[in-house]
>>> print(open('model32.txt').read())   # compact mmCIF, N, CA and C atoms
# COMPACT_ATOMS: atom_id res chain seq x y z
N MET A 182 -96.69 123.75 46.20
CA MET A 182 -96.03 123.51 47.46
C MET A 182 -96.13 124.76 48.32
N ALA A 183 -96.55 124.63 49.56
CA ALA A 183 -96.73 125.77 50.47
C ALA A 183 -95.38 126.23 51.01
N ALA A 184 -95.27 127.53 51.23
CA ALA A 184 -94.05 128.09 51.81
C ALA A 184 -93.95 127.70 53.28
N ILE A 185 -92.73 127.52 53.73
CA ILE A 185 -92.50 127.19 55.14
C ILE A 185 -92.54 128.49 55.94
N PRO A 186 -93.40 128.58 56.96
CA PRO A 186 -93.46 129.80 57.76
C PRO A 186 -92.12 130.06 58.47
N PRO A 187 -91.74 131.34 58.66
CA PRO A 187 -90.46 131.66 59.28
C PRO A 187 -90.22 130.97 60.62
N GLN A 188 -91.25 130.89 61.46
CA GLN A 188 -91.06 130.25 62.76
C GLN A 188 -90.73 128.76 62.63
N ALA A 189 -91.23 128.10 61.60
CA ALA A 189 -90.91 126.68 61.37
C ALA A 189 -89.49 126.54 60.83
N ARG A 190 -89.10 127.45 59.92
CA ARG A 190 -87.74 127.39 59.36
C ARG A 190 -86.70 127.56 60.47
N SER A 191 -86.94 128.48 61.39
CA SER A 191 -85.95 128.74 62.42
C SER A 191 -85.79 127.54 63.35
N LYS A 192 -86.77 126.68 63.41
CA LYS A 192 -86.68 125.50 64.26
C LYS A 192 -86.05 124.32 63.52
N THR A 193 -86.07 124.32 62.20
CA THR A 193 -85.52 123.19 61.46
C THR A 193 -84.13 123.46 60.93
N LEU A 194 -83.85 124.68 60.51
CA LEU A 194 -82.52 125.00 60.01
C LEU A 194 -81.56 125.14 61.18
N ARG A 195 -80.32 124.72 60.95
CA ARG A 195 -79.29 124.83 61.98
C ARG A 195 -78.06 125.49 61.39
N ALA A 196 -77.36 126.25 62.21
CA ALA A 196 -76.14 126.92 61.79
C ALA A 196 -74.95 126.30 62.52
N CYS A 197 -73.88 126.05 61.79
CA CYS A 197 -72.65 125.53 62.37
C CYS A 197 -72.07 126.59 63.31
N LEU A 198 -71.68 126.19 64.50
CA LEU A 198 -71.13 127.12 65.47
C LEU A 198 -69.72 127.57 65.12
N LEU A 199 -69.06 126.85 64.23
CA LEU A 199 -67.69 127.21 63.87
C LEU A 199 -67.63 128.10 62.63
N CYS A 200 -68.37 127.74 61.56
CA CYS A 200 -68.28 128.51 60.32
C CYS A 200 -69.56 129.28 60.00
N SER A 201 -70.65 128.98 60.64
CA SER A 201 -71.97 129.61 60.51
C SER A 201 -72.75 129.22 59.26
N ILE A 202 -72.34 128.16 58.54
CA ILE A 202 -73.15 127.71 57.40
C ILE A 202 -74.48 127.18 57.92
N ILE A 203 -75.53 127.43 57.17
CA ILE A 203 -76.88 127.01 57.56
C ILE A 203 -77.30 125.84 56.68
N GLN A 204 -77.76 124.77 57.34
CA GLN A 204 -78.26 123.58 56.63
C GLN A 204 -79.38 122.96 57.45
N LEU A 205 -80.07 122.03 56.83
CA LEU A 205 -81.03 121.21 57.55
C LEU A 205 -80.26 120.17 58.37
N PRO A 206 -80.82 119.73 59.49
CA PRO A 206 -80.13 118.73 60.31
C PRO A 206 -79.74 117.47 59.52
N ASN A 207 -80.63 117.03 58.60
CA ASN A 207 -80.31 115.81 57.85
C ASN A 207 -79.15 116.02 56.87
N GLU A 208 -78.91 117.28 56.44
CA GLU A 208 -77.74 117.57 55.60
C GLU A 208 -76.45 117.44 56.43
N PHE A 209 -76.49 117.95 57.65
CA PHE A 209 -75.33 117.78 58.54
C PHE A 209 -75.11 116.30 58.83
N LYS A 210 -76.21 115.56 59.03
CA LYS A 210 -76.08 114.13 59.33
C LYS A 210 -75.53 113.35 58.13
N ARG A 211 -76.00 113.67 56.94
CA ARG A 211 -75.59 112.96 55.74
C ARG A 211 -74.15 113.30 55.34
N SER A 212 -73.78 114.57 55.38
CA SER A 212 -72.48 114.99 54.84
C SER A 212 -71.58 115.69 55.84
N GLY A 213 -72.10 116.04 57.00
CA GLY A 213 -71.32 116.83 57.94
C GLY A 213 -71.29 118.28 57.50
N CYS A 214 -70.38 119.04 58.07
CA CYS A 214 -70.23 120.44 57.69
C CYS A 214 -69.26 120.52 56.52
N PRO A 215 -69.64 121.19 55.42
CA PRO A 215 -68.77 121.24 54.25
C PRO A 215 -67.48 122.03 54.49
N ASN A 216 -67.43 122.82 55.56
CA ASN A 216 -66.24 123.60 55.86
C ASN A 216 -65.43 123.04 57.03
N CYS A 217 -66.08 122.41 57.97
CA CYS A 217 -65.45 122.08 59.25
C CYS A 217 -65.45 120.60 59.61
N GLU A 218 -65.82 119.74 58.68
CA GLU A 218 -66.03 118.34 59.02
C GLU A 218 -64.79 117.68 59.62
N GLU A 219 -63.63 118.02 59.14
CA GLU A 219 -62.39 117.42 59.66
C GLU A 219 -62.26 117.62 61.17
N ILE A 220 -62.69 118.78 61.64
CA ILE A 220 -62.58 119.09 63.07
C ILE A 220 -63.84 118.68 63.83
N LEU A 221 -65.02 119.01 63.29
CA LEU A 221 -66.27 118.79 64.03
C LEU A 221 -66.80 117.37 63.97
N GLN A 222 -66.57 116.66 62.88
CA GLN A 222 -66.99 115.26 62.73
C GLN A 222 -68.46 115.03 63.07
N MET A 223 -69.33 115.79 62.39
CA MET A 223 -70.77 115.67 62.62
C MET A 223 -71.44 114.60 61.76
N LYS A 224 -70.82 114.22 60.68
CA LYS A 224 -71.42 113.26 59.74
C LYS A 224 -71.87 112.00 60.49
N GLY A 225 -73.19 111.73 60.40
CA GLY A 225 -73.76 110.54 61.00
C GLY A 225 -73.90 110.58 62.51
N SER A 226 -73.67 111.72 63.15
CA SER A 226 -73.71 111.80 64.60
C SER A 226 -74.71 112.85 65.09
N PRO A 227 -75.94 112.43 65.41
CA PRO A 227 -76.94 113.38 65.90
C PRO A 227 -76.47 114.15 67.15
N ASP A 228 -75.75 113.47 68.06
CA ASP A 228 -75.26 114.14 69.27
C ASP A 228 -74.26 115.24 68.92
N ARG A 229 -73.38 114.95 67.98
CA ARG A 229 -72.38 115.94 67.57
C ARG A 229 -73.05 117.11 66.84
N ILE A 230 -74.07 116.82 66.03
CA ILE A 230 -74.82 117.88 65.34
C ILE A 230 -75.49 118.78 66.37
N GLN A 231 -76.09 118.17 67.38
CA GLN A 231 -76.75 118.93 68.45
C GLN A 231 -75.76 119.84 69.17
N GLY A 232 -74.54 119.36 69.40
CA GLY A 232 -73.56 120.13 70.15
C GLY A 232 -72.80 121.16 69.33
N CYS A 233 -72.70 120.95 68.02
CA CYS A 233 -71.87 121.82 67.17
C CYS A 233 -72.67 122.73 66.25
N THR A 234 -74.00 122.66 66.34
CA THR A 234 -74.86 123.56 65.55
C THR A 234 -75.92 124.14 66.47
N THR A 235 -76.63 125.13 65.97
CA THR A 235 -77.68 125.76 66.77
C THR A 235 -78.81 126.24 65.86
N THR A 236 -79.99 126.37 66.44
CA THR A 236 -81.12 126.98 65.74
C THR A 236 -81.18 128.47 66.05
N GLN A 237 -80.32 128.93 66.94
CA GLN A 237 -80.31 130.33 67.38
C GLN A 237 -79.32 131.14 66.55
N PHE A 238 -79.82 131.75 65.47
CA PHE A 238 -78.97 132.58 64.64
C PHE A 238 -79.79 133.73 64.06
N ASP A 239 -79.08 134.79 63.69
CA ASP A 239 -79.71 135.99 63.13
C ASP A 239 -79.19 136.24 61.74
N GLY A 240 -80.08 136.64 60.85
CA GLY A 240 -79.71 137.03 59.49
C GLY A 240 -79.20 135.88 58.66
N VAL A 241 -79.36 136.00 57.36
CA VAL A 241 -78.90 134.99 56.42
C VAL A 241 -78.21 135.69 55.25
N ILE A 242 -77.05 135.19 54.88
CA ILE A 242 -76.30 135.72 53.75
C ILE A 242 -76.14 134.60 52.74
N ALA A 243 -76.48 134.85 51.50
CA ALA A 243 -76.25 133.88 50.43
C ALA A 243 -74.89 134.20 49.82
N VAL A 244 -73.96 133.26 49.94
CA VAL A 244 -72.62 133.46 49.38
C VAL A 244 -72.51 132.58 48.13
N ILE A 245 -72.43 133.23 46.98
CA ILE A 245 -72.38 132.52 45.71
C ILE A 245 -70.95 132.42 45.20
N ASP A 246 -70.18 133.49 45.35
CA ASP A 246 -68.78 133.51 44.92
C ASP A 246 -67.93 133.99 46.09
N PRO A 247 -67.56 133.07 47.00
CA PRO A 247 -66.86 133.46 48.23
C PRO A 247 -65.61 134.30 48.00
N ASP A 248 -64.82 134.00 46.97
CA ASP A 248 -63.58 134.73 46.73
C ASP A 248 -63.82 136.18 46.34
N ALA A 249 -64.91 136.46 45.65
CA ALA A 249 -65.17 137.81 45.15
C ALA A 249 -66.10 138.63 46.05
N SER A 250 -66.64 138.03 47.06
CA SER A 250 -67.65 138.69 47.89
C SER A 250 -67.04 139.49 49.04
N TRP A 251 -67.30 140.80 49.08
CA TRP A 251 -66.81 141.60 50.20
C TRP A 251 -67.56 141.21 51.47
N VAL A 252 -68.81 140.81 51.34
CA VAL A 252 -69.58 140.38 52.51
C VAL A 252 -68.98 139.10 53.09
N ALA A 253 -68.57 138.17 52.23
CA ALA A 253 -67.93 136.95 52.72
C ALA A 253 -66.62 137.28 53.43
N ARG A 254 -65.87 138.23 52.91
CA ARG A 254 -64.63 138.64 53.61
C ARG A 254 -64.96 139.25 54.96
N TRP A 255 -65.95 140.12 54.98
CA TRP A 255 -66.38 140.78 56.22
C TRP A 255 -66.84 139.75 57.25
N GLN A 256 -67.55 138.72 56.80
CA GLN A 256 -68.06 137.66 57.68
C GLN A 256 -67.03 136.56 57.96
N ARG A 257 -65.87 136.67 57.35
CA ARG A 257 -64.81 135.66 57.48
C ARG A 257 -65.28 134.30 56.95
N THR A 258 -65.97 134.32 55.81
CA THR A 258 -66.40 133.08 55.17
C THR A 258 -65.87 132.97 53.74
N SER A 259 -64.94 133.83 53.35
CA SER A 259 -64.47 133.86 51.96
C SER A 259 -63.67 132.62 51.57
N LYS A 260 -63.18 131.86 52.52
CA LYS A 260 -62.44 130.63 52.21
C LYS A 260 -63.32 129.38 52.32
N TYR A 261 -64.61 129.60 52.56
CA TYR A 261 -65.55 128.49 52.72
C TYR A 261 -66.31 128.23 51.42
N VAL A 262 -67.07 127.14 51.41
CA VAL A 262 -67.88 126.79 50.25
C VAL A 262 -69.03 127.78 50.10
N ARG A 263 -69.57 127.86 48.89
CA ARG A 263 -70.73 128.71 48.73
C ARG A 263 -71.93 128.09 49.44
N GLY A 264 -72.82 128.95 49.87
CA GLY A 264 -73.99 128.47 50.60
C GLY A 264 -74.65 129.59 51.38
N MET A 265 -75.51 129.22 52.28
CA MET A 265 -76.23 130.16 53.13
C MET A 265 -75.52 130.21 54.48
N TYR A 266 -75.21 131.43 54.94
CA TYR A 266 -74.50 131.62 56.19
C TYR A 266 -75.28 132.55 57.11
N ALA A 267 -75.21 132.28 58.40
CA ALA A 267 -75.83 133.15 59.39
C ALA A 267 -74.94 134.37 59.62
N VAL A 268 -75.55 135.52 59.82
CA VAL A 268 -74.80 136.73 60.14
C VAL A 268 -74.22 136.61 61.54
N ARG A 269 -75.04 136.14 62.49
CA ARG A 269 -74.61 135.98 63.88
C ARG A 269 -75.19 134.67 64.41
N VAL A 270 -74.36 133.91 65.10
CA VAL A 270 -74.76 132.62 65.65
C VAL A 270 -74.62 132.67 67.16
N THR A 271 -75.65 132.24 67.87
CA THR A 271 -75.62 132.23 69.33
C THR A 271 -75.17 130.86 69.83
N GLY A 272 -74.15 130.85 70.66
CA GLY A 272 -73.65 129.60 71.22
C GLY A 272 -72.16 129.46 71.00
N ARG A 273 -71.59 128.49 71.67
CA ARG A 273 -70.15 128.22 71.55
C ARG A 273 -69.94 126.75 71.21
N ILE A 274 -68.83 126.49 70.53
CA ILE A 274 -68.49 125.11 70.21
C ILE A 274 -68.17 124.36 71.49
N PRO A 275 -68.28 123.03 71.47
CA PRO A 275 -67.96 122.25 72.67
C PRO A 275 -66.49 122.41 73.06
N GLU A 276 -66.21 122.22 74.32
CA GLU A 276 -64.86 122.41 74.86
C GLU A 276 -63.83 121.53 74.17
N ASP A 277 -64.20 120.28 73.83
CA ASP A 277 -63.24 119.39 73.16
C ASP A 277 -62.86 119.91 71.78
N VAL A 278 -63.80 120.57 71.09
CA VAL A 278 -63.51 121.14 69.78
C VAL A 278 -62.59 122.36 69.95
N GLU A 279 -62.87 123.16 70.95
CA GLU A 279 -62.04 124.32 71.23
C GLU A 279 -60.60 123.88 71.54
N MET A 280 -60.45 122.80 72.30
CA MET A 280 -59.12 122.28 72.61
C MET A 280 -58.41 121.75 71.36
N GLU A 281 -59.16 121.11 70.46
CA GLU A 281 -58.59 120.62 69.20
C GLU A 281 -58.11 121.78 68.33
N LEU A 282 -58.89 122.85 68.27
CA LEU A 282 -58.48 124.02 67.51
C LEU A 282 -57.20 124.61 68.10
N GLU A 283 -57.15 124.69 69.41
CA GLU A 283 -55.96 125.20 70.10
C GLU A 283 -54.74 124.33 69.78
N ARG A 284 -54.94 123.02 69.80
CA ARG A 284 -53.86 122.08 69.50
C ARG A 284 -53.32 122.29 68.09
N ARG A 285 -54.22 122.68 67.17
CA ARG A 285 -53.83 122.92 65.78
C ARG A 285 -53.39 124.37 65.53
N ASN A 286 -53.28 125.14 66.60
CA ASN A 286 -52.90 126.55 66.51
C ASN A 286 -53.88 127.37 65.67
N ILE A 287 -55.17 127.06 65.82
CA ILE A 287 -56.24 127.80 65.14
C ILE A 287 -56.98 128.59 66.20
N LYS A 288 -57.05 129.90 66.02
CA LYS A 288 -57.75 130.76 66.98
C LYS A 288 -59.26 130.64 66.78
N TYR A 289 -59.96 130.28 67.84
CA TYR A 289 -61.42 130.20 67.79
C TYR A 289 -62.01 131.59 67.96
N ARG A 290 -62.85 131.98 67.01
CA ARG A 290 -63.53 133.26 67.06
C ARG A 290 -65.03 132.98 67.02
N PRO A 291 -65.71 133.12 68.16
CA PRO A 291 -67.16 132.85 68.19
C PRO A 291 -67.88 133.66 67.11
N ARG A 292 -68.95 133.09 66.58
CA ARG A 292 -69.72 133.71 65.50
C ARG A 292 -70.85 134.60 66.01
N ASP A 293 -70.77 134.99 67.30
CA ASP A 293 -71.83 135.85 67.85
C ASP A 293 -71.47 137.33 67.78
N GLN A 294 -70.37 137.65 67.12
CA GLN A 294 -69.89 139.01 66.91
C GLN A 294 -69.42 139.67 68.21
N SER A 295 -69.07 138.86 69.21
CA SER A 295 -68.58 139.41 70.48
C SER A 295 -67.11 139.77 70.41
N ASP A 296 -66.42 139.36 69.35
CA ASP A 296 -64.99 139.65 69.23
C ASP A 296 -64.69 140.50 68.01
N GLN A 297 -65.45 141.55 67.81
CA GLN A 297 -65.29 142.40 66.63
C GLN A 297 -63.86 142.89 66.48
N ASP A 298 -63.38 142.87 65.24
CA ASP A 298 -62.03 143.35 64.94
C ASP A 298 -61.97 144.86 65.01
>>> encode(input="model32.txt", output="structure tokens")
Amino acid sequence: MAAIPPQARSKTLRACLLCSIIQLPNEFKRSGCPNCEEILQMKGSPDRIQGCTTTQFDGVIAVIDPDASWVARWQRTSKYVRGMYAVRVTGRIPEDVEMELERRNIKYRPRDQSDQD
């Protein structure tokens, strides 16, 4: 089996704008986001996947043991499922999702590293 060239991977893989997990579009369509599905509701919705994920991301982190990983804590992914996460994600969640987070008293922190602690 031939390796997928980097330029092809960047066009097929998508990162969640809320948690930054990286998956193929069909994984988001089949199962939604394993961390954010309750809020984002991407499962089975190509339009929602298009609006809540992006192909524009930098770096990849493999998180195997989220609870024990200092990198996962640093990236604010230690409470998420194990998987591949983007270091930085370009884009913002849709306004309706931002309003839902606000309604639930959850502070939205964009994954583009513009709000460094």
>>> select_by_dssp(input="model32.txt", residues="region 198-282 of chain A", states="strand (DSSP E)", output="PDB file with N, CA and C atoms, keeping the file's coordinate frame")
ATOM      1  N   ILE A 203     -75.530 127.430  57.170  1.00  0.00           N
ATOM      2  CA  ILE A 203     -76.880 127.010  57.560  1.00  0.00           C
ATOM      3  C   ILE A 203     -77.300 125.840  56.680  1.00  0.00           C
ATOM      4  N   GLN A 204     -77.760 124.770  57.340  1.00  0.00           N
ATOM      5  CA  GLN A 204     -78.260 123.580  56.630  1.00  0.00           C
ATOM      6  C   GLN A 204     -79.380 122.960  57.450  1.00  0.00           C
ATOM      7  N   THR A 234     -74.000 122.660  66.340  1.00  0.00           N
ATOM      8  CA  THR A 234     -74.860 123.560  65.550  1.00  0.00           C
ATOM      9  C   THR A 234     -75.920 124.140  66.470  1.00  0.00           C
ATOM     10  N   THR A 235     -76.630 125.130  65.970  1.00  0.00           N
ATOM     11  CA  THR A 235     -77.680 125.760  66.770  1.00  0.00           C
ATOM     12  C   THR A 235     -78.810 126.240  65.860  1.00  0.00           C
ATOM     13  N   PHE A 238     -79.820 131.750  65.470  1.00  0.00           N
ATOM     14  CA  PHE A 238     -78.970 132.580  64.640  1.00  0.00           C
ATOM     15  C   PHE A 238     -79.790 133.730  64.060  1.00  0.00           C
ATOM     16  N   ASP A 239     -79.080 134.790  63.690  1.00  0.00           N
ATOM     17  CA  ASP A 239     -79.710 135.990  63.130  1.00  0.00           C
ATOM     18  C   ASP A 239     -79.190 136.240  61.740  1.00  0.00           C
ATOM     19  N   GLY A 240     -80.080 136.640  60.850  1.00  0.00           N
ATOM     20  CA  GLY A 240     -79.710 137.030  59.490  1.00  0.00           C
ATOM     21  C   GLY A 240     -79.200 135.880  58.660  1.00  0.00           C
ATOM     22  N   VAL A 241     -79.360 136.000  57.360  1.00  0.00           N
ATOM     23  CA  VAL A 241     -78.900 134.990  56.420  1.00  0.00           C
ATOM     24  C   VAL A 241     -78.210 135.690  55.250  1.00  0.00           C
ATOM     25  N   ILE A 242     -77.050 135.190  54.880  1.00  0.00           N
ATOM     26  CA  ILE A 242     -76.300 135.720  53.750  1.00  0.00           C
ATOM     27  C   ILE A 242     -76.140 134.600  52.740  1.00  0.00           C
ATOM     28  N   ALA A 243     -76.480 134.850  51.500  1.00  0.00           N
ATOM     29  CA  ALA A 243     -76.250 133.880  50.430  1.00  0.00           C
ATOM     30  C   ALA A 243     -74.890 134.200  49.820  1.00  0.00           C
ATOM     31  N   VAL A 244     -73.960 133.260  49.940  1.00  0.00           N
ATOM     32  CA  VAL A 244     -72.620 133.460  49.380  1.00  0.00           C
ATOM     33  C   VAL A 244     -72.510 132.580  48.130  1.00  0.00           C
ATOM     34  N   GLY A 264     -72.820 128.950  49.870  1.00  0.00           N
ATOM     35  CA  GLY A 264     -73.990 128.470  50.600  1.00  0.00           C
ATOM     36  C   GLY A 264     -74.650 129.590  51.380  1.00  0.00           C
ATOM     37  N   MET A 265     -75.510 129.220  52.280  1.00  0.00           N
ATOM     38  CA  MET A 265     -76.230 130.160  53.130  1.00  0.00           C
ATOM     39  C   MET A 265     -75.520 130.210  54.480  1.00  0.00           C
ATOM     40  N   TYR A 266     -75.210 131.430  54.940  1.00  0.00           N
ATOM     41  CA  TYR A 266     -74.500 131.620  56.190  1.00  0.00           C
ATOM     42  C   TYR A 266     -75.280 132.550  57.110  1.00  0.00           C
ATOM     43  N   ALA A 267     -75.210 132.280  58.400  1.00  0.00           N
ATOM     44  CA  ALA A 267     -75.830 133.150  59.390  1.00  0.00           C
ATOM     45  C   ALA A 267     -74.940 134.370  59.620  1.00  0.00           C
ATOM     46  N   VAL A 268     -75.550 135.520  59.820  1.00  0.00           N
ATOM     47  CA  VAL A 268     -74.800 136.730  60.140  1.00  0.00           C
ATOM     48  C   VAL A 268     -74.220 136.610  61.540  1.00  0.00           C
ATOM     49  N   ARG A 269     -75.040 136.140  62.490  1.00  0.00           N
ATOM     50  CA  ARG A 269     -74.610 135.980  63.880  1.00  0.00           C
ATOM     51  C   ARG A 269     -75.190 134.670  64.410  1.00  0.00           C
ATOM     52  N   VAL A 270     -74.360 133.910  65.100  1.00  0.00           N
ATOM     53  CA  VAL A 270     -74.760 132.620  65.650  1.00  0.00           C
ATOM     54  C   VAL A 270     -74.620 132.670  67.160  1.00  0.00           C
TER      55      VAL A 270
END
>>> select_by_dssp(input="model32.txt", residues="region 192-293 of chain A", states="alpha helix (DSSP H)", output="PyMOL selection string")
chain A and resi 192-193+206-212+218-221+227-233+251-255+276-284
>>> write_last_selection(input="model32.txt", atoms="N, CA and C atoms", output="short mmCIF file (atom, residue, chain, number, x, y, z; two decimals), in the coordinates of the input")
data_model
loop_
_atom_site.label_atom_id
_atom_site.label_comp_id
_atom_site.auth_asym_id
_atom_site.auth_seq_id
_atom_site.Cartn_x
_atom_site.Cartn_y
_atom_site.Cartn_z
N LYS A 192 -86.77 126.68 63.41
CA LYS A 192 -86.68 125.50 64.26
C LYS A 192 -86.05 124.32 63.52
N THR A 193 -86.07 124.32 62.20
CA THR A 193 -85.52 123.19 61.46
C THR A 193 -84.13 123.46 60.93
N PRO A 206 -80.82 119.73 59.49
CA PRO A 206 -80.13 118.73 60.31
C PRO A 206 -79.74 117.47 59.52
N ASN A 207 -80.63 117.03 58.60
CA ASN A 207 -80.31 115.81 57.85
C ASN A 207 -79.15 116.02 56.87
N GLU A 208 -78.91 117.28 56.44
CA GLU A 208 -77.74 117.57 55.60
C GLU A 208 -76.45 117.44 56.43
N PHE A 209 -76.49 117.95 57.65
CA PHE A 209 -75.33 117.78 58.54
C PHE A 209 -75.11 116.30 58.83
N LYS A 210 -76.21 115.56 59.03
CA LYS A 210 -76.08 114.13 59.33
C LYS A 210 -75.53 113.35 58.13
N ARG A 211 -76.00 113.67 56.94
CA ARG A 211 -75.59 112.96 55.74
C ARG A 211 -74.15 113.30 55.34
N SER A 212 -73.78 114.57 55.38
CA SER A 212 -72.48 114.99 54.84
C SER A 212 -71.58 115.69 55.84
N GLU A 218 -65.82 119.74 58.68
CA GLU A 218 -66.03 118.34 59.02
C GLU A 218 -64.79 117.68 59.62
N GLU A 219 -63.63 118.02 59.14
CA GLU A 219 -62.39 117.42 59.66
C GLU A 219 -62.26 117.62 61.17
N ILE A 220 -62.69 118.78 61.64
CA ILE A 220 -62.58 119.09 63.07
C ILE A 220 -63.84 118.68 63.83
N LEU A 221 -65.02 119.01 63.29
CA LEU A 221 -66.27 118.79 64.03
C LEU A 221 -66.80 117.37 63.97
N PRO A 227 -75.94 112.43 65.41
CA PRO A 227 -76.94 113.38 65.90
C PRO A 227 -76.47 114.15 67.15
N ASP A 228 -75.75 113.47 68.06
CA ASP A 228 -75.26 114.14 69.27
C ASP A 228 -74.26 115.24 68.92
N ARG A 229 -73.38 114.95 67.98
CA ARG A 229 -72.38 115.94 67.57
C ARG A 229 -73.05 117.11 66.84
N ILE A 230 -74.07 116.82 66.03
CA ILE A 230 -74.82 117.88 65.34
C ILE A 230 -75.49 118.78 66.37
N GLN A 231 -76.09 118.17 67.38
CA GLN A 231 -76.75 118.93 68.45
C GLN A 231 -75.76 119.84 69.17
N GLY A 232 -74.54 119.36 69.40
CA GLY A 232 -73.56 120.13 70.15
C GLY A 232 -72.80 121.16 69.33
N CYS A 233 -72.70 120.95 68.02
CA CYS A 233 -71.87 121.82 67.17
C CYS A 233 -72.67 122.73 66.25
N TRP A 251 -67.30 140.80 49.08
CA TRP A 251 -66.81 141.60 50.20
C TRP A 251 -67.56 141.21 51.47
N VAL A 252 -68.81 140.81 51.34
CA VAL A 252 -69.58 140.38 52.51
C VAL A 252 -68.98 139.10 53.09
N ALA A 253 -68.57 138.17 52.23
CA ALA A 253 -67.93 136.95 52.72
C ALA A 253 -66.62 137.28 53.43
N ARG A 254 -65.87 138.23 52.91
CA ARG A 254 -64.63 138.64 53.61
C ARG A 254 -64.96 139.25 54.96
N TRP A 255 -65.95 140.12 54.98
CA TRP A 255 -66.38 140.78 56.22
C TRP A 255 -66.84 139.75 57.25
N GLU A 276 -66.21 122.22 74.32
CA GLU A 276 -64.86 122.41 74.86
C GLU A 276 -63.83 121.53 74.17
N ASP A 277 -64.20 120.28 73.83
CA ASP A 277 -63.24 119.39 73.16
C ASP A 277 -62.86 119.91 71.78
N VAL A 278 -63.80 120.57 71.09
CA VAL A 278 -63.51 121.14 69.78
C VAL A 278 -62.59 122.36 69.95
N GLU A 279 -62.87 123.16 70.95
CA GLU A 279 -62.04 124.32 71.23
C GLU A 279 -60.60 123.88 71.54
N MET A 280 -60.45 122.80 72.30
CA MET A 280 -59.12 122.28 72.61
C MET A 280 -58.41 121.75 71.36
N GLU A 281 -59.16 121.11 70.46
CA GLU A 281 -58.59 120.62 69.20
C GLU A 281 -58.11 121.78 68.33
N LEU A 282 -58.89 122.85 68.27
CA LEU A 282 -58.48 124.02 67.51
C LEU A 282 -57.20 124.61 68.10
N GLU A 283 -57.15 124.69 69.41
CA GLU A 283 -55.96 125.20 70.10
C GLU A 283 -54.74 124.33 69.78
N ARG A 284 -54.94 123.02 69.80
CA ARG A 284 -53.86 122.08 69.50
C ARG A 284 -53.32 122.29 68.09
#
>>> atom_distance(input="model32.txt", atom1="atom C of Ala267 (chain A)", atom2="atom C of Arg229 (chain A)")
18.8 Å
>>> closest_atom_pairs(input="model32.txt", of="region 250-269 of chain A", to="region 196-212 of chain A", cutoff="6.5 Å", atoms="all atoms listed in the file", output="Markdown table")
| residue | atom | partner | partner_atom | distance |
| --- | --- | --- | --- | --- |
| A:Gly264 | C | A:Ile203 | N | 6.2 |
| A:Met265 | C | A:Ile203 | N | 3.9 |
| A:Tyr266 | CA | A:Ser201 | C | 4.3 |
| A:Ala267 | N | A:Ser201 | C | 4.0 |
>>> write_last_selection(input="model32.txt", atoms="N, CA and C atoms", output="mmCIF file, in the frame of the given file")
data_model
loop_
_atom_site.group_PDB
_atom_site.id
_atom_site.type_symbol
_atom_site.label_atom_id
_atom_site.label_comp_id
_atom_site.auth_asym_id
_atom_site.auth_seq_id
_atom_site.Cartn_x
_atom_site.Cartn_y
_atom_site.Cartn_z
ATOM 1 N N GLY A 264 -72.820 128.950 49.870
ATOM 2 C CA GLY A 264 -73.990 128.470 50.600
ATOM 3 C C GLY A 264 -74.650 129.590 51.380
ATOM 4 N N MET A 265 -75.510 129.220 52.280
ATOM 5 C CA MET A 265 -76.230 130.160 53.130
ATOM 6 C C MET A 265 -75.520 130.210 54.480
ATOM 7 N N TYR A 266 -75.210 131.430 54.940
ATOM 8 C CA TYR A 266 -74.500 131.620 56.190
ATOM 9 C C TYR A 266 -75.280 132.550 57.110
ATOM 10 N N ALA A 267 -75.210 132.280 58.400
ATOM 11 C CA ALA A 267 -75.830 133.150 59.390
ATOM 12 C C ALA A 267 -74.940 134.370 59.620
#
>>> atom_distance(input="model32.txt", atom1="CA of Pro275 (chain A)", atom2="atom C of Gly232 (chain A)")
6.0 Å
>>> closest_residue(input="model32.txt", among="A:Phe238, A:Trp251, A:Tyr261, A:Tyr289", to="Asn216 (chain A)", atoms="only N, CA and C atoms")
A:Tyr261
>>> closest_residue(input="model32.txt", among="A:Asp228, A:Arg292, A:Val262, A:Leu282", to="Val244 (chain A)", atoms="all atoms listed in the file")
A:Val262
>>> atom_distance(input="model32.txt", atom1="CA of Arg263 (chain A)", atom2="CA of Asp246 (chain A)")
6.4 Å
>>> residues_around(input="model32.txt", residues="Lys288 (chain A)", least_positions_apart="5", cutoff="12 Å", atoms="only C-alpha atoms", output="PyMOL selection string")
chain A and resi 199+278-283+296
>>> closest_residue(input="model32.txt", among="A:Asn286, A:Thr236, A:Gln256, A:Ser250", to="Val268 (chain A)", atoms="all atoms listed in the file")
A:Gln256
>>> residues_around(input="model32.txt", residues="region 257-259 of chain A", least_positions_apart="3", cutoff="7 Å", atoms="only C-alpha atoms", output="number ranges by chain")
A: 247-248, 253-254
>>> residues_around(input="model32.txt", residues="Cys214 (chain A)", least_positions_apart="6", cutoff="7 Å", atoms="all atoms listed in the file", output="ChimeraX atom specification")
/A:208,222-224
